[in-house]
Every structure is written in C-alpha cells, then in structure tokens.
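Single-structure report; data block below.
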Amino acid sequence: MLVALAANLVIAVAKAVGGLLAGSPALLSEAAHSVADSLNEVFLLAALHRSRRPADRRHPFGYGKERFFWSLLAAVGIFVMGGCFSFLQGIEALRNGAEETFGGYVAGLIVLGVALLAEGVSLLRALHQVRRQGGKGGLRDPALRTVVAEDGTAVLGVTLAIIGMALHMITGQVVWEASASLAIGVLLVYVAYRLGRDARDQLIGEAADPELTDRIRNLLRAQPEIDSVEALFTMKMGLDCVMVAARIDLAPGLDSEKVEEISVRIKRSIARTVPEADQVFLDVTDRRTERERESPAATGERGGA
C-alpha cells in the first residue's frame with residue numbers, strides 16, 4: 001500500500017502539471033482523481049494500523065470496525081475530491097471551452113500513457129493479492145476492496161481521458177474532452193456510492209455470511225443436549241471477527257452445573273469449528289416457559305383465561 005501511495009502521489013503531480021500546462025479539463029479531472037486516491041491510501045493505512053489494536057475496557061469488542069470507518073471516509077474522499085471536481089471541470093469546459101496547443105496535447109497524452117501503465121501494474125498486483133487471499137472471498141477486506149476499486153477506476157478513468165483528449169485533438173471540438181471529464185465524474189460517484197454503501201452496512205452491524213451462520217446453526221442443532229435453537233444472531237465486528245449470540249432450549253432435567261459445563265463445551269466447539277467467532281454468547285431458555293409468557297393469558301389479551 002505504501003508503494004501504491006507513492007505511485008499515486010507522483011502520478012497526481014504529473015497529471016496536475018500537465019493539465020495546467022495543457023489547459024486540459026480531462027487531465028485535470030484525472031489529477032483530482034489521483035489526489036483522491038492518494039488521500040484514500042492514507043485512510044486505508046490508518047485503518048490497517050488502528051484496527052489491529054487489542055480490545056480494552058472502553059472497546060471490549062476490539063477495534064476491528066476501524067477498517068469499515070476509514071473505508072467510509074475513503075468513499076467520501078472519492079466522491080468529493082474526485083467526482084465533484086471532475087463534474088466542475090467538464091461543465092466549465094462546456095461553458096468556456098479549452099484551448100490546447102499541439103504540444104499540450106502531446107504532453108498530456110504522454111502523461112496519461114505513463115499513468116495508464118502504472119495504474120495497470122497496480123491493478124494487476126491488487127488482483128493477484130485477491131487471488132492469493134481466496135479469490136472473491138479476499139474482497140471481504142474493505143481495505144483491499146477499496147484498493148481494487150480505486151485501481152480499476154483509475155485504469156478506466158485514464159482510458160476515458162486519453163479518448164477524450166485524442167478526439168479533441170482530431171476534431172477540434174472540446175465537447176469530447178468535457179464529456180470525458182463528466183464520464184470520469186459519473187464513474188467516481190458510482191464507485192464512491194458502492195464503497196460507501198458497503199462500509200455503512202458493516203458499520204451499523206452486518207450479519208455474518210449465510211454459509212457461516214448455517215454452519216453455526218447446524219453445529220448447535222447437532223448437540224445432543226440442545227432441544228432447539230430458538231434464535232441465532234451474528235454480527236461482523238471486524239475482518240475476521242464475528243460475534244455470535246444464540247438463544248437455545250436445553251433438554252429437560254439438567255442441573256445448573258451441567259448447564260454450565262455444556263455451555264462451555266458448546267462455546268469451545270464453535271470456536272474450533274468457526275475461528276472467526278471469537279465472541280460467543282449463549283442464552284439458555286425454556287421454550288415452554290417462553291410460550292406461556294407470550295400466551296394471551298399471560299399478556300392479558302382477550303381470549304385468555
């Protein structure tokens with residue numbers, strides 16, 4: 001990630017200088033895009049560092065959700081610094097035009113060509129890391145998912161800028177370059193929305209993957225002392241950290257010491273089978289008592305005895 005940050009900073013400076021010298025709205029839009037990516041790399045580095053802190057008295061469940069918070073800030077950065085600035089550049093070019101010299105076109109296209117090569121290498125490296133972490137499952141990491149989204153968007157954005165500048169140079173019509181800036185803006189806003197939506201879901205308490213939840217439920221149902229699983233709740237507390245809360249009905253006739261022993265054994269079994277479940281809470285309940293408590297007679301509703 002440090003390599004990606006350094007590359008983005010160099011590319012951002014090159015695009016900004018080239019855009020100012022050439023007066024190119026598409027190149028300036030891409031400069032804003034690279035600045036946003038650089039800021040996001042800082043956010044993601046903060047996420048990786050802060051999310052690894054151990055649990056303490058103030059945060060007993062740890063700091064795993066720091067990754068989700070900083071990923072949300074990264075999405076906001078893409079939207080504000082990249083998308084909005086690209087829209088402004090495109091609208092300004094449509095209103096006032098953009099006069100570029102032949103040298104400006106050539107310099108801008110060279111800068112974009114180098115940027116395309118660098119962003120392509122960065123994207124391939126990110127995709128290789130995704131495959132190394134289990135393919136699609138590797139995208140569960142919000143930091144890695146953001147990097148892949150940034151690099152993919154950067155490659156597509158640079159391609160749009162090259163097409164826009166080339167068509168402007170060939171036709172002399174600034175509308176092509178302005179349209180490229182607007183298209184880059186739309187692309188960045190969409191990516192920011194998707195990343196922000198995922199981070200929001202994880203921050204407010206997203207359930208674990210259905211496959212993992214089913215494994216826990218099947219494990220509980222397989223215990224001979226459990227008559228039924230009345231409720232099962234899961235929530236992602238970090239990248240590889242899941243909180244599990246289950247309401248179970250045990251077989252009748254068990255004394256308190258036996259219940260405690262069974263609860264400890266079940267928790268250890270869940271921890272062995274599902275390493276991500278590092279926080280497990282079992283609520284032992286009596287299904288018959290629960291039904292009587294919710295009956296019309298107990299609640300005072302009409303029809304009760």
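Following the order of the structure tokens, first chain is A, next is B, and so on, with residues numbered from 1 inside each chain and ligands from 1 in the order they appear.
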
Given only C-alpha atoms, how would the per-residue table for segment 147-266 of chain A near segment 33-52 of chain A read, listing every residue at most 12 Å away with its closest atom pair and distance in Å to one decimal, sorted by chain and number, as a tab-separated table?
```
residue	atom	partner	partner_atom	distance
A:Val147	CA	A:Glu41	CA	8.0
A:Val148	CA	A:Asp37	CA	11.3
A:Ala149	CA	A:Asp37	CA	10.2
A:Glu150	CA	A:Asp37	CA	6.7
A:Asp151	CA	A:Asp37	CA	8.7
A:Gly152	CA	A:Asp37	CA	11.5
A:Thr153	CA	A:His33	CA	9.2
A:Ala154	CA	A:His33	CA	7.6
A:Val155	CA	A:His33	CA	11.1
A:Leu156	CA	A:His33	CA	11.5
A:Gly157	CA	A:His33	CA	8.4
A:Val158	CA	A:His33	CA	9.6
A:Ala161	CA	A:His33	CA	11.4
A:Ser181	CA	A:His33	CA	10.7
A:Ile184	CA	A:His33	CA	8.7
A:Gly185	CA	A:His33	CA	9.0
A:Leu187	CA	A:His33	CA	10.7
A:Leu188	CA	A:His33	CA	8.1
A:Val189	CA	A:His33	CA	11.1
A:Val191	CA	A:His33	CA	12.0
A:Ala192	CA	A:Ala36	CA	11.0
A:Leu195	CA	A:Asn40	CA	11.9
A:Met237	CA	A:Ser51	CA	10.4
A:Gly238	CA	A:Ser51	CA	7.9
A:Leu239	CA	A:Ser51	CA	9.1
A:Asp240	CA	A:Ser51	CA	11.2
A:Cys241	CA	A:Ser51	CA	11.2
```

Legend entry - Residues near segment 223-229 of chain A, cut-off 12 Å, only C-alpha atoms, skip fewer than 4 positions along chain, as a PyMOL selection string: chain A and resi 214+216-219+233+245-254+258-263+265-267+269-270+282-288

Inset, instruction - Just list the residues in segment 44-233 of chain A DSSP gives alpha helix (DSSP H) on the backbone, as a VMD selection string. - result: chain A and resid 44 to 50 66 to 77 85 to 96 102 to 132 142 to 171 175 to 203 210 to 221

With C-alpha atoms retained, write the just-selected residues as a tab-separated table (two decimals), in the first residue's frame.
```
chain	number	residue	atom	x	y	z
A	44	LEU	CA	-6.53	2.80	4.49
A	45	LEU	CA	-3.11	2.79	6.14
A	46	ALA	CA	-4.75	4.30	9.21
A	47	ALA	CA	-7.43	1.60	9.05
A	48	LEU	CA	-4.87	-1.22	8.94
A	49	HIS	CA	-2.91	0.23	11.85
A	50	ARG	CA	-5.81	1.16	14.15
A	66	GLU	CA	-11.98	0.83	12.31
A	67	ARG	CA	-11.46	-0.69	8.84
A	68	PHE	CA	-15.09	-0.01	7.96
A	69	PHE	CA	-14.98	3.57	9.27
A	70	TRP	CA	-11.88	4.56	7.32
A	71	SER	CA	-13.23	2.84	4.22
A	72	LEU	CA	-16.31	5.05	4.54
A	73	LEU	CA	-14.08	8.14	4.69
A	74	ALA	CA	-12.23	6.88	1.60
A	75	ALA	CA	-15.56	6.64	-0.25
A	76	VAL	CA	-16.41	10.21	0.77
A	77	GLY	CA	-12.98	11.34	-0.46
A	85	PHE	CA	-14.16	18.16	-9.23
A	86	SER	CA	-14.48	16.16	-12.45
A	87	PHE	CA	-18.06	17.41	-12.90
A	88	LEU	CA	-16.91	21.00	-12.38
A	89	GLN	CA	-14.11	20.62	-14.94
A	90	GLY	CA	-16.46	19.13	-17.52
A	91	ILE	CA	-19.12	21.84	-17.05
A	92	GLU	CA	-16.52	24.60	-17.13
A	93	ALA	CA	-15.07	23.24	-20.39
A	94	LEU	CA	-18.53	23.11	-21.99
A	95	ARG	CA	-19.24	26.71	-20.94
A	96	ASN	CA	-15.93	28.40	-21.72
A	102	PHE	CA	-0.34	20.68	-30.11
A	103	GLY	CA	2.47	20.47	-27.56
A	104	GLY	CA	-0.11	20.45	-24.78
A	105	TYR	CA	-1.93	17.53	-26.39
A	106	VAL	CA	1.29	15.55	-26.78
A	107	ALA	CA	2.46	16.24	-23.22
A	108	GLY	CA	-0.95	15.34	-21.81
A	109	LEU	CA	-1.18	12.09	-23.75
A	110	ILE	CA	2.34	11.09	-22.67
A	111	VAL	CA	1.47	11.72	-19.02
A	112	LEU	CA	-1.74	9.72	-19.37
A	113	GLY	CA	0.10	6.89	-21.12
A	114	VAL	CA	2.60	6.61	-18.27
A	115	ALA	CA	-0.25	6.81	-15.75
A	116	LEU	CA	-2.15	4.05	-17.56
A	117	LEU	CA	0.89	1.79	-17.39
A	118	ALA	CA	1.45	2.48	-13.69
A	119	GLU	CA	-2.22	2.07	-12.77
A	120	GLY	CA	-2.43	-1.14	-14.79
A	121	VAL	CA	0.52	-2.64	-12.93
A	122	SER	CA	-1.02	-1.60	-9.60
A	123	LEU	CA	-4.36	-3.18	-10.58
A	124	LEU	CA	-2.69	-6.46	-11.56
A	125	ARG	CA	-0.83	-6.53	-8.25
A	126	ALA	CA	-4.07	-5.93	-6.33
A	127	LEU	CA	-5.90	-8.67	-8.26
A	128	HIS	CA	-3.02	-11.05	-7.57
A	129	GLN	CA	-3.39	-10.34	-3.85
A	130	VAL	CA	-7.13	-11.02	-4.09
A	131	ARG	CA	-6.47	-14.41	-5.69
A	132	ARG	CA	-3.86	-15.18	-3.04
A	142	PRO	CA	-12.69	-3.40	2.93
A	143	ALA	CA	-9.15	-2.04	2.52
A	144	LEU	CA	-8.30	-4.49	-0.28
A	145	ARG	CA	-11.72	-3.99	-1.86
A	146	THR	CA	-11.16	-0.22	-1.90
A	147	VAL	CA	-7.71	-0.61	-3.46
A	148	VAL	CA	-9.09	-2.84	-6.22
A	149	ALA	CA	-11.94	-0.39	-6.85
A	150	GLU	CA	-9.51	2.56	-6.95
A	151	ASP	CA	-7.09	0.87	-9.35
A	152	GLY	CA	-9.86	-0.39	-11.62
A	153	THR	CA	-11.48	3.04	-11.68
A	154	ALA	CA	-8.11	4.67	-12.33
A	155	VAL	CA	-7.43	2.48	-15.38
A	156	LEU	CA	-10.89	3.18	-16.78
A	157	GLY	CA	-10.65	6.90	-15.95
A	158	VAL	CA	-7.28	7.32	-17.65
A	159	THR	CA	-8.61	5.47	-20.70
A	160	LEU	CA	-11.58	7.86	-20.90
A	161	ALA	CA	-9.24	10.85	-20.56
A	162	ILE	CA	-7.00	9.58	-23.38
A	163	ILE	CA	-10.01	9.04	-25.65
A	164	GLY	CA	-11.39	12.49	-24.83
A	165	MET	CA	-8.07	14.28	-25.47
A	166	ALA	CA	-7.43	12.34	-28.68
A	167	LEU	CA	-10.89	13.14	-30.08
A	168	HIS	CA	-10.47	16.80	-29.07
A	169	MET	CA	-7.13	16.91	-30.89
A	170	ILE	CA	-8.56	15.25	-34.01
A	171	THR	CA	-11.88	17.15	-34.26
A	175	VAL	CA	-17.12	18.63	-26.15
A	176	TRP	CA	-15.22	15.34	-26.37
A	177	GLU	CA	-12.83	16.21	-23.59
A	178	ALA	CA	-15.59	17.77	-21.50
A	179	SER	CA	-17.65	14.62	-21.93
A	180	ALA	CA	-14.67	12.55	-20.78
A	181	SER	CA	-14.45	14.67	-17.61
A	182	LEU	CA	-18.17	14.22	-16.95
A	183	ALA	CA	-17.89	10.46	-17.57
A	184	ILE	CA	-14.98	10.27	-15.10
A	185	GLY	CA	-17.14	12.13	-12.58
A	186	VAL	CA	-20.04	9.70	-13.05
A	187	LEU	CA	-17.66	6.75	-12.66
A	188	LEU	CA	-16.16	8.10	-9.44
A	189	VAL	CA	-19.53	8.94	-7.91
A	190	TYR	CA	-20.78	5.42	-8.66
A	191	VAL	CA	-17.69	3.77	-7.14
A	192	ALA	CA	-17.93	6.06	-4.08
A	193	TYR	CA	-21.59	5.10	-3.65
A	194	ARG	CA	-20.87	1.37	-3.80
A	195	LEU	CA	-17.93	1.56	-1.38
A	196	GLY	CA	-19.84	3.86	0.98
A	197	ARG	CA	-22.88	1.58	0.99
A	198	ASP	CA	-20.78	-1.47	1.88
A	199	ALA	CA	-18.96	0.42	4.66
A	200	ARG	CA	-22.29	1.71	6.03
A	201	ASP	CA	-23.75	-1.81	6.19
A	202	GLN	CA	-20.72	-3.06	8.08
A	203	LEU	CA	-20.64	-0.11	10.47
A	210	PRO	CA	-25.14	-17.01	5.42
A	211	GLU	CA	-22.82	-20.00	4.94
A	212	LEU	CA	-21.00	-19.27	8.20
A	213	THR	CA	-24.29	-18.69	10.05
A	214	ASP	CA	-25.65	-22.01	8.77
A	215	ARG	CA	-22.53	-23.81	9.98
A	216	ILE	CA	-23.01	-22.42	13.48
A	217	ARG	CA	-26.72	-23.28	13.49
A	218	ASN	CA	-26.05	-26.84	12.32
A	219	LEU	CA	-23.36	-27.24	14.96
A	220	LEU	CA	-25.77	-26.12	17.68
A	221	ARG	CA	-28.54	-28.40	16.45
```

Inset, instruction - For each of A:Glu206, A:Asp56, A:Glu30, A:Asp278, take the minimum atom-to-atom distance to Met243 of chain A, counting only C-alpha atoms, then give the residue where this is smallest. - result: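 Ranked by minimum distance to Met243 of chain A, first place goes to A:Asp278.
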